[in-house]
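A.B. asks: The structure is given below, and queries will be raised subsequently.
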Amino acid sequence: TQRSDAHWPFTFDVMQRFELADDALTVRLHFTNIDARTQPVGLGWHPYFPKRSRSRMHVECSGRWESDAATHLPTRRVAQNGIDGELRHLNYDHCFDGWQGAARVRDEALSVTLTSSLPYLVVYTPPDSDYFCIEPVSHVSNAIHMADPAAHGLVSLGAAETMDAWMKIEVHGAWVTSLPCRGCRRACSANHRCGTRPSRCCTGATFPATRGTASIGRVGRTREADTTTTRHGAGR
């Protein structure tokens, strides 16, 4: 429970739940307004991922919010026909809308899919850093100071009203397009994701897939072997 103070004049309760499976992390937020007044609410997460030499991102979206060079706050919306490229060539610190609810990253070690119930996505790809961020959020950055916060995702919750959100990060082995079969020594005829099941070639012989390892949930800056770390917050 967060009591009202000089930084935020409303009282609220927020619960975060982590569900960890062999190949996925699901995180859920449940926000309750326990103040007597209506308060503005926004939810989101800020996952960090390691940037490797062959890291590549694919996101389907329709709009990007341009940012002021000095304040880094959004100023206007422009069309954006998705994101698809190698991380070393991307330089974003923007909020995106029209997000279709899935962001995909793959490199020489892992394939990661991030999905969420939230409609906006903040992407941060500092070119000189060894990490990047893909952040599902409920609203445009700084929506609370815009002329119409509700039109940009901020929600007004009355007393005792609630708001929920979820995010799921699925981790698989590296993407492989062709591997030799131990039986016939021919390449597998179908593309597949390694790390979850052995693959079969056209003769039915199986061969083991090379697995990537991951450590989920370490707090702080990631290292090369980490998959992701997360921070969370109500609003941005």
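Naming works like this for the structure tokens: A, B, ... for the chains as they're shown, residue 1 at the start of each chain, ligands 1 onward in shown order.
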Using only C-alpha atoms, which residues of stretch 97-160 of chain A come within 7 Å of stretch 37-61 of chain A, and what is the closest atom pair for each, with the distance in Å to one decimal? Give it as CSV, sorted by chain and residue number.
C.D. replies:
```
residue,atom,partner,partner_atom,distance
A:Asp97,CA,A:Cys61,CA,6.1
A:Gly98,CA,A:Cys61,CA,4.7
A:Trp99,CA,A:Cys61,CA,4.2
A:Gln100,CA,A:Glu60,CA,5.8
A:Ala102,CA,A:Val59,CA,6.7
A:Ala103,CA,A:Val59,CA,4.8
A:Arg104,CA,A:His58,CA,5.1
A:Val105,CA,A:Met57,CA,4.5
A:Arg106,CA,A:Arg56,CA,5.5
A:Asp107,CA,A:Ser55,CA,4.3
A:Glu108,CA,A:Arg54,CA,6.1
A:Asp130,CA,A:Lys51,CA,5.0
A:Tyr131,CA,A:Pro50,CA,4.4
A:Phe132,CA,A:Phe49,CA,5.5
A:Cys133,CA,A:Tyr48,CA,4.6
A:Ile134,CA,A:Pro47,CA,6.0
A:Glu135,CA,A:His46,CA,4.7
A:Pro136,CA,A:Gly44,CA,5.7
A:Val137,CA,A:Gly44,CA,4.1
A:Ser138,CA,A:Leu43,CA,5.5
A:His139,CA,A:Gly42,CA,6.4
A:Leu154,CA,A:Gly42,CA,5.5
A:Val155,CA,A:Val41,CA,5.2
A:Ser156,CA,A:Pro40,CA,4.5
A:Leu157,CA,A:Thr38,CA,5.3
A:Gly158,CA,A:Thr38,CA,4.1
A:Ala159,CA,A:Arg37,CA,5.8
```
A.B. asks: Using DSSP on the backbone coordinates, identify all residues within stretch 36-146 of chain A classified as strand (DSSP E or B); present the result as a PyMOL selection string.
C.D. replies: chain A and resi 39-41+43-45+48-50+56-59+63-67+74-79+83-86+93-97+102-106+110-116+120-124+131-137
A.B. asks: Provide the atom CA of A:Asn91 to atom CA of A:Glu66 distance in Å, to one decimal place.
C.D. replies: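 Computing it gives 12.6 Å between the two atoms.
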A.B. asks: Would you work out the distance separating atom CA of A:Phe18 from atom CA of A:His94, expressed in Å to one decimal?
C.D. replies: 27.0 Å
A.B. asks: To one decimal place in Å, what is the distance between atom CA of A:Tyr124 and atom CA of A:His152?
C.D. replies: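 Result for atom CA of A:Tyr124 versus atom CA of A:His152: 19.7 Å, one decimal.
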A.B. asks: Taking 2 positions as the minimum chain separation for residues in the same chain, which residues sit within 7 Å of A:Pro127 when counting only C-alpha atoms? Answer as a PDB file with all heavy atoms, in the first residue's frame.
C.D. replies:
```pdb
ATOM      1  N   ARG A  88      21.875  -3.171 -33.271  1.00  0.00           N
ATOM      2  CA  ARG A  88      23.043  -2.291 -33.391  1.00  0.00           C
ATOM      3  C   ARG A  88      22.782  -1.122 -34.327  1.00  0.00           C
ATOM      4  O   ARG A  88      23.517  -0.132 -34.310  1.00  0.00           O
ATOM      5  CB  ARG A  88      24.246  -3.099 -33.883  1.00  0.00           C
ATOM      6  CG  ARG A  88      24.045  -3.774 -35.231  1.00  0.00           C
ATOM      7  CD  ARG A  88      25.256  -4.606 -35.618  1.00  0.00           C
ATOM      8  NE  ARG A  88      25.009  -5.357 -36.842  1.00  0.00           N
ATOM      9  CZ  ARG A  88      25.942  -6.108 -37.431  1.00  0.00           C
ATOM     10  NH1 ARG A  88      27.142  -6.203 -36.897  1.00  0.00           N
ATOM     11  NH2 ARG A  88      25.638  -6.770 -38.546  1.00  0.00           N
ATOM     12  N   LEU A  90      19.609   0.345 -34.475  1.00  0.00           N
ATOM     13  CA  LEU A  90      18.428   1.058 -33.985  1.00  0.00           C
ATOM     14  C   LEU A  90      18.816   2.061 -32.910  1.00  0.00           C
ATOM     15  O   LEU A  90      19.693   1.795 -32.090  1.00  0.00           O
ATOM     16  CB  LEU A  90      17.407   0.068 -33.423  1.00  0.00           C
ATOM     17  CG  LEU A  90      16.881  -1.008 -34.380  1.00  0.00           C
ATOM     18  CD1 LEU A  90      15.869  -1.897 -33.672  1.00  0.00           C
ATOM     19  CD2 LEU A  90      16.261  -0.378 -35.625  1.00  0.00           C
ATOM     20  N   ASN A  91      18.162   3.197 -32.929  1.00  0.00           N
ATOM     21  CA  ASN A  91      18.408   4.234 -31.915  1.00  0.00           C
ATOM     22  C   ASN A  91      17.072   4.861 -31.533  1.00  0.00           C
ATOM     23  O   ASN A  91      16.700   5.918 -32.024  1.00  0.00           O
ATOM     24  CB  ASN A  91      19.377   5.288 -32.450  1.00  0.00           C
ATOM     25  CG  ASN A  91      19.763   6.305 -31.387  1.00  0.00           C
ATOM     26  OD1 ASN A  91      19.465   6.137 -30.206  1.00  0.00           O
ATOM     27  ND2 ASN A  91      20.418   7.377 -31.795  1.00  0.00           N
ATOM     28  N   THR A 125      16.713   1.856 -27.173  1.00  0.00           N
ATOM     29  CA  THR A 125      17.841   1.123 -27.754  1.00  0.00           C
ATOM     30  C   THR A 125      19.072   2.029 -27.819  1.00  0.00           C
ATOM     31  O   THR A 125      19.490   2.446 -28.911  1.00  0.00           O
ATOM     32  CB  THR A 125      17.490   0.608 -29.158  1.00  0.00           C
ATOM     33  OG1 THR A 125      17.142   1.728 -30.000  1.00  0.00           O
ATOM     34  CG2 THR A 125      16.326  -0.370 -29.119  1.00  0.00           C
ATOM     35  N   SER A 129      25.217   1.111 -25.645  1.00  0.00           N
ATOM     36  CA  SER A 129      25.017   0.290 -24.449  1.00  0.00           C
ATOM     37  C   SER A 129      24.902  -1.176 -24.823  1.00  0.00           C
ATOM     38  O   SER A 129      24.575  -1.520 -25.964  1.00  0.00           O
ATOM     39  CB  SER A 129      23.763   0.736 -23.696  1.00  0.00           C
ATOM     40  OG  SER A 129      23.892   2.078 -23.248  1.00  0.00           O
TER      41      SER A 129
END
```
A.B. asks: Which residue gives the smallest distance to A:Thr115 among A:Glu170, A:Asp128, A:Asp84, A:Glu161, with only C-alpha atoms counted?
C.D. replies: A:Glu170
